[in-house]
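Next comes data.cif, a file with mmCIF, C-alpha atoms and all ligand atoms.
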data_start
#
loop_
_atom_site.label_atom_id
_atom_site.label_comp_id
_atom_site.auth_asym_id
_atom_site.auth_seq_id
_atom_site.Cartn_x
_atom_site.Cartn_y
_atom_site.Cartn_z
CA MET A 19 130.20 59.45 62.66
CA PRO A 20 133.56 57.64 62.76
CA PRO A 21 136.14 58.89 65.26
CA ARG A 22 138.67 61.27 63.81
CA SER A 23 141.76 62.80 65.30
CA SER A 24 141.10 65.95 67.24
CA SER A 25 143.18 68.15 64.99
CA GLN A 26 141.03 67.21 61.98
CA THR A 27 137.71 67.89 63.62
CA ARG A 28 136.45 71.42 63.20
CA PHE A 29 133.20 72.90 64.41
CA ILE A 30 130.66 75.56 63.71
CA ALA A 31 128.50 76.56 66.67
CA ALA A 32 124.90 77.68 66.22
CA ALA A 33 123.65 80.74 68.08
CA SER A 34 122.55 78.49 70.95
CA ALA A 35 126.10 77.18 71.51
CA GLY A 36 128.19 80.33 71.93
CA ARG A 37 129.61 79.54 75.35
CA LEU A 38 130.51 76.04 74.16
CA ALA A 39 132.39 77.64 71.25
CA ARG A 40 134.62 79.46 73.75
CA TRP A 41 135.34 76.25 75.65
CA LEU A 42 136.17 74.39 72.43
CA ARG A 43 138.61 77.10 71.41
CA LEU A 44 140.27 77.02 74.83
CA ALA A 45 140.64 73.26 74.37
CA GLY A 46 142.33 73.91 71.01
CA PHE A 47 139.50 73.13 68.58
CA ASP A 48 138.89 75.29 65.53
CA THR A 49 135.33 76.50 66.18
CA SER A 50 133.53 79.02 64.02
CA TYR A 51 130.77 81.04 65.71
CA HIS A 52 128.62 83.76 64.18
CA PRO A 53 125.49 84.06 66.32
CA ARG A 54 123.39 85.86 63.74
CA LEU A 55 123.92 83.35 60.94
CA PRO A 56 120.60 81.94 59.64
CA ASP A 57 120.34 78.12 59.54
CA GLY A 58 120.77 77.99 55.75
CA LEU A 59 124.07 79.85 55.85
CA LEU A 60 125.23 77.90 58.89
CA ILE A 61 124.68 74.68 56.96
CA ALA A 62 126.37 76.04 53.82
CA ARG A 63 129.45 77.11 55.77
CA ALA A 64 129.62 73.82 57.64
CA MET A 65 129.57 71.94 54.33
CA ARG A 66 132.08 74.25 52.66
CA ASP A 67 134.55 74.11 55.56
CA ARG A 68 133.78 70.52 56.63
CA ARG A 69 132.71 71.55 60.10
CA VAL A 70 130.47 69.69 62.52
CA ILE A 71 127.43 71.77 63.49
CA LEU A 72 126.83 72.11 67.24
CA THR A 73 123.39 73.24 68.34
CA ARG A 74 120.95 73.10 71.22
CA SER A 75 117.99 73.16 68.82
CA ARG A 76 116.68 70.13 66.93
CA ARG A 77 115.04 72.42 64.36
CA ILE A 78 117.98 72.12 62.00
CA LEU A 79 117.51 68.34 61.77
CA ALA A 80 114.41 68.93 59.63
CA ARG A 81 116.63 70.15 56.78
CA ARG A 82 117.15 67.74 53.92
CA ALA A 83 120.85 68.01 53.09
CA LEU A 84 122.89 68.23 56.25
CA PRO A 85 126.55 68.04 57.24
CA PRO A 86 127.24 66.23 60.54
CA VAL A 87 125.20 67.78 63.36
CA LEU A 88 125.55 67.21 67.08
CA VAL A 89 122.53 68.23 69.17
CA LEU A 90 123.67 69.24 72.64
CA LYS A 91 121.84 67.71 75.58
CA SER A 92 122.96 69.92 78.44
CA GLU A 93 122.48 73.65 78.94
CA GLU A 94 125.80 73.80 80.77
CA PRO A 95 128.68 74.63 78.39
CA PHE A 96 131.29 72.42 80.02
CA GLU A 97 128.91 69.45 79.99
CA GLN A 98 128.30 70.21 76.30
CA LEU A 99 132.05 70.12 75.74
CA ARG A 100 132.21 66.74 77.48
CA GLN A 101 129.41 65.45 75.22
CA VAL A 102 131.25 66.61 72.08
CA ILE A 103 134.48 64.91 73.19
CA VAL A 104 132.76 61.66 74.15
CA GLU A 105 130.31 61.33 71.26
CA LEU A 106 132.84 62.16 68.56
CA GLY A 107 135.53 60.03 70.21
CA LEU A 108 137.98 62.92 70.36
CA THR A 109 141.14 63.08 72.43
CA PRO A 110 141.98 66.66 73.35
CA ASP A 111 145.66 67.51 72.95
CA PRO A 112 147.02 69.40 75.99
CA ARG A 113 149.62 71.02 73.72
CA GLU A 114 146.72 72.73 71.94
CA PHE A 115 145.14 74.12 75.11
CA PHE A 116 145.04 77.95 75.11
CA ASN A 117 146.44 78.13 71.57
CA ARG A 118 143.37 79.88 70.19
CA CYS A 119 141.67 83.11 71.08
CA ALA A 120 138.44 82.17 72.90
CA PHE A 121 136.78 85.25 71.38
CA CYS A 122 138.01 85.14 67.74
CA ASN A 123 139.05 81.52 67.11
CA LEU A 124 142.40 82.71 65.70
CA VAL A 125 145.60 80.88 66.64
CA LEU A 126 147.54 83.06 69.10
CA GLU A 127 150.97 84.44 68.33
CA THR A 128 153.87 84.86 70.70
CA ALA A 129 154.31 88.41 72.00
CA SER A 130 157.55 89.69 73.50
CA ARG A 131 157.73 91.38 76.91
CA ASP A 132 158.64 94.61 75.19
CA GLU A 133 155.45 94.50 73.12
CA VAL A 134 153.19 94.05 76.12
CA ARG A 135 154.98 96.32 78.61
CA GLU A 136 152.49 99.18 78.24
CA ILE A 137 149.46 96.92 77.96
CA VAL A 138 149.45 94.42 80.81
CA PRO A 139 149.08 95.36 84.49
CA PRO A 140 152.45 96.09 86.16
CA TYR A 141 152.19 93.18 88.62
CA VAL A 142 151.65 90.84 85.69
CA PHE A 143 154.59 92.30 83.81
CA LYS A 144 156.81 91.74 86.84
CA THR A 145 155.90 88.12 87.29
CA ARG A 146 155.18 86.73 83.81
CA LYS A 147 157.69 86.18 81.04
CA GLU A 148 155.55 84.58 78.33
CA TYR A 149 152.72 86.27 76.48
CA ARG A 150 150.48 85.48 73.53
CA ARG A 151 148.63 87.91 71.35
CA CYS A 152 145.50 87.59 69.20
CA ARG A 153 145.84 89.50 65.98
CA GLY A 154 142.04 89.51 65.63
CA CYS A 155 141.02 91.37 68.79
CA GLY A 156 144.45 92.50 70.00
CA ARG A 157 144.02 90.85 73.40
CA ILE A 158 147.14 89.75 75.27
CA PHE A 159 147.06 86.47 77.16
CA TRP A 160 149.32 85.06 79.86
CA ALA A 161 149.25 82.14 82.25
CA GLY A 162 147.41 83.25 85.37
CA THR A 163 145.06 81.98 88.03
CA HIS A 164 142.05 82.17 85.69
CA GLN A 165 143.84 80.03 83.12
CA ALA A 166 144.88 77.57 85.83
CA SER A 167 141.27 76.97 86.85
CA ILE A 168 140.23 76.47 83.22
CA LEU A 169 143.15 74.08 82.73
CA ARG A 170 142.04 71.99 85.71
CA ARG A 171 138.62 71.54 84.08
CA LEU A 172 140.08 70.77 80.65
CA GLU A 173 142.33 68.14 82.19
CA THR A 174 139.27 66.23 83.37
CA LEU A 175 138.56 65.54 79.67
CA LEU A 176 141.85 63.75 79.11
CA PRO A 177 142.03 59.97 79.18
CA PRO A 178 143.53 58.60 82.42
CA LYS A 179 147.28 58.17 82.18
CA GLY A 180 148.12 54.56 81.33
CA GLY A 181 150.90 52.40 82.70
CA SER A 182 151.89 51.81 86.27
ZN ZN B 1 140.90 87.47 69.66
#
Show me this structure written as structure tokens.
Ligand SMILES: [Zn+2]
Amino acid sequence: MPPRSSSQTRFIAAASAGRLARWLRLAGFDTSYHPRLPDGLLIARAMRDRRVILTRSRRILARRALPPVLVLKSEEPFEQLRQVIVELGLTPDPREFFNRCAFCNLVLETASRDEVREIVPPYVFKTRKEYRRCRGCGRIFWAGTHQASILRRLETLLPPKGGS
């Protein structure tokens, strides 16, 4: 598969790759995931939407007509993410980090402090000014310690900074 820019590469995760789907979304990649989809429908959707199939199972490779498929080597989701990035020659874009809901795959919208006042814990409301909202699940997101630890892992996927 020739390398493509990250923003053009979209994924569909098989049932065996659900935790990877969350990581991909956190890294900004459009990743469809419906764990109960049978192989035939998974393939049809991947073809229709031009998505790369991600799976832990080689079973799907026995199908005749297939869109691009990446079979994941590791059981560990972050190692799977690293494999996807390396094998497809992708460069994650830090500006896209945390732009998607990890649970719904929808792009997050900005939420005002007024909108979240009654929803987020008071200590968060006191200390955070910027919030995002998912219109799929209604979750509110903000930069916190959890996000910081995820960010540190995502940053290990970026190419080393050039120049001196
Ligand atoms: Zn959501």
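Going from atom CA of Ile71 of chain A over to atom CA of Ile30 of chain A, you cover 5.0 Å.
For the choices A:Tyr141, A:Phe29, A:Trp41, A:Phe47, the atom-to-atom distance to Gln165 of chain A is smallest for A:Trp41 when using all atoms listed in the file.
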Listing only residues of chain A within 6 Å of ligand ZN 1 (chain B), what is the closest atom pair and its distance in Å (to one decimal) for each, using all atoms listed in the file, sorted by chain and residue number ascending, as a Markdown table?
| residue | atom | partner | partner_atom | distance |
| --- | --- | --- | --- | --- |
| A:Cys119 | CA | B:ZN1 | ZN | 4.6 |
| A:Phe121 | CA | B:ZN1 | ZN | 5.0 |
| A:Cys122 | CA | B:ZN1 | ZN | 4.2 |
| A:Cys152 | CA | B:ZN1 | ZN | 4.6 |
| A:Gly154 | CA | B:ZN1 | ZN | 4.7 |
| A:Cys155 | CA | B:ZN1 | ZN | 4.0 |
| A:Arg157 | CA | B:ZN1 | ZN | 5.9 |
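Rounded to one decimal, atom CA of Leu176 of chain A and atom CA of Arg151 of chain A lie 26.3 Å from each other.
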Computed gap from atom CA of Gly46 of chain A to atom CA of Ile158 of chain A is 17.1 Å
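When all atoms listed in the file are used to compute distances to Arg113 of chain A, the closest of the residues A:Leu90, A:Leu59, A:Leu72, A:Leu169 turns out to be A:Leu169.
With all atoms listed in the file as the atoms that count, the residue of A:Arg66, A:Lys144, A:Arg150, A:Arg100 with the shortest distance to Val125 of chain A is A:Arg150.
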How would you write as a compact mmCIF listing (two decimals) with C-alpha atoms, in the frame of the given file the residues that get within 12 Å of (126.0, 66.4, 77.9) in the file's frame, counting all atoms listed in the file?
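After the write, out_34.txt holds the following:
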# COMPACT_ATOMS: atom_id res chain seq x y z
CA LEU A 38 130.51 76.04 74.16
CA ARG A 74 120.95 73.10 71.22
CA LEU A 88 125.55 67.21 67.08
CA VAL A 89 122.53 68.23 69.17
CA LEU A 90 123.67 69.24 72.64
CA LYS A 91 121.84 67.71 75.58
CA SER A 92 122.96 69.92 78.44
CA GLU A 93 122.48 73.65 78.94
CA GLU A 94 125.80 73.80 80.77
CA PRO A 95 128.68 74.63 78.39
CA PHE A 96 131.29 72.42 80.02
CA GLU A 97 128.91 69.45 79.99
CA GLN A 98 128.30 70.21 76.30
CA LEU A 99 132.05 70.12 75.74
CA ARG A 100 132.21 66.74 77.48
CA GLN A 101 129.41 65.45 75.22
CA VAL A 102 131.25 66.61 72.08
CA ILE A 103 134.48 64.91 73.19
CA VAL A 104 132.76 61.66 74.15
CA GLU A 105 130.31 61.33 71.26
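Within the 9 Å cut-off around Pro53 of chain A, using all atoms listed in the file and omitting residues fewer than 6 positions from it on the same chain, the listed residues are A:Ala31, A:Ala32, A:Ala33, A:Ser34, A:Ala35, A:Gly36.
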Extract, using all atoms listed in the file, all DNA, RNA and protein residues at most 12 Å from Ala64 of chain A, discarding same-chain residues fewer than 2 positions from it, and format them as an mmCIF file with C-alpha atoms, in the coordinates of the input.
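What landed in result36.cif:
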data_model
loop_
_atom_site.group_PDB
_atom_site.id
_atom_site.type_symbol
_atom_site.label_atom_id
_atom_site.label_comp_id
_atom_site.auth_asym_id
_atom_site.auth_seq_id
_atom_site.Cartn_x
_atom_site.Cartn_y
_atom_site.Cartn_z
ATOM 1 C CA THR A 27 137.710 67.890 63.620
ATOM 2 C CA ARG A 28 136.450 71.420 63.200
ATOM 3 C CA PHE A 29 133.200 72.900 64.410
ATOM 4 C CA ILE A 30 130.660 75.560 63.710
ATOM 5 C CA ALA A 31 128.500 76.560 66.670
ATOM 6 C CA ALA A 32 124.900 77.680 66.220
ATOM 7 C CA THR A 49 135.330 76.500 66.180
ATOM 8 C CA SER A 50 133.530 79.020 64.020
ATOM 9 C CA TYR A 51 130.770 81.040 65.710
ATOM 10 C CA HIS A 52 128.620 83.760 64.180
ATOM 11 C CA LEU A 55 123.920 83.350 60.940
ATOM 12 C CA ASP A 57 120.340 78.120 59.540
ATOM 13 C CA GLY A 58 120.770 77.990 55.750
ATOM 14 C CA LEU A 59 124.070 79.850 55.850
ATOM 15 C CA LEU A 60 125.230 77.900 58.890
ATOM 16 C CA ILE A 61 124.680 74.680 56.960
ATOM 17 C CA ALA A 62 126.370 76.040 53.820
ATOM 18 C CA ARG A 66 132.080 74.250 52.660
ATOM 19 C CA ASP A 67 134.550 74.110 55.560
ATOM 20 C CA ARG A 68 133.780 70.520 56.630
ATOM 21 C CA ARG A 69 132.710 71.550 60.100
ATOM 22 C CA VAL A 70 130.470 69.690 62.520
ATOM 23 C CA ILE A 71 127.430 71.770 63.490
ATOM 24 C CA LEU A 72 126.830 72.110 67.240
ATOM 25 C CA ALA A 83 120.850 68.010 53.090
ATOM 26 C CA LEU A 84 122.890 68.230 56.250
ATOM 27 C CA PRO A 85 126.550 68.040 57.240
ATOM 28 C CA PRO A 86 127.240 66.230 60.540
ATOM 29 C CA VAL A 87 125.200 67.780 63.360
#
Listed atoms of segment 107-126 of chain A boxed along x, y and z, 3 Å each side, centre and edge lengths in Å, one decimal, as AutoDock Vina command-line options:
--center_x 142.6 --center_y 72.6 --center_z 70.8 --size_x 20.1 --size_y 31.2 --size_z 16.3
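Among the candidates A:Ser167, A:Asn123, A:Gln26, A:Thr174, the one nearest to Leu106 of chain A when counting only C-alpha atoms is A:Gln26.
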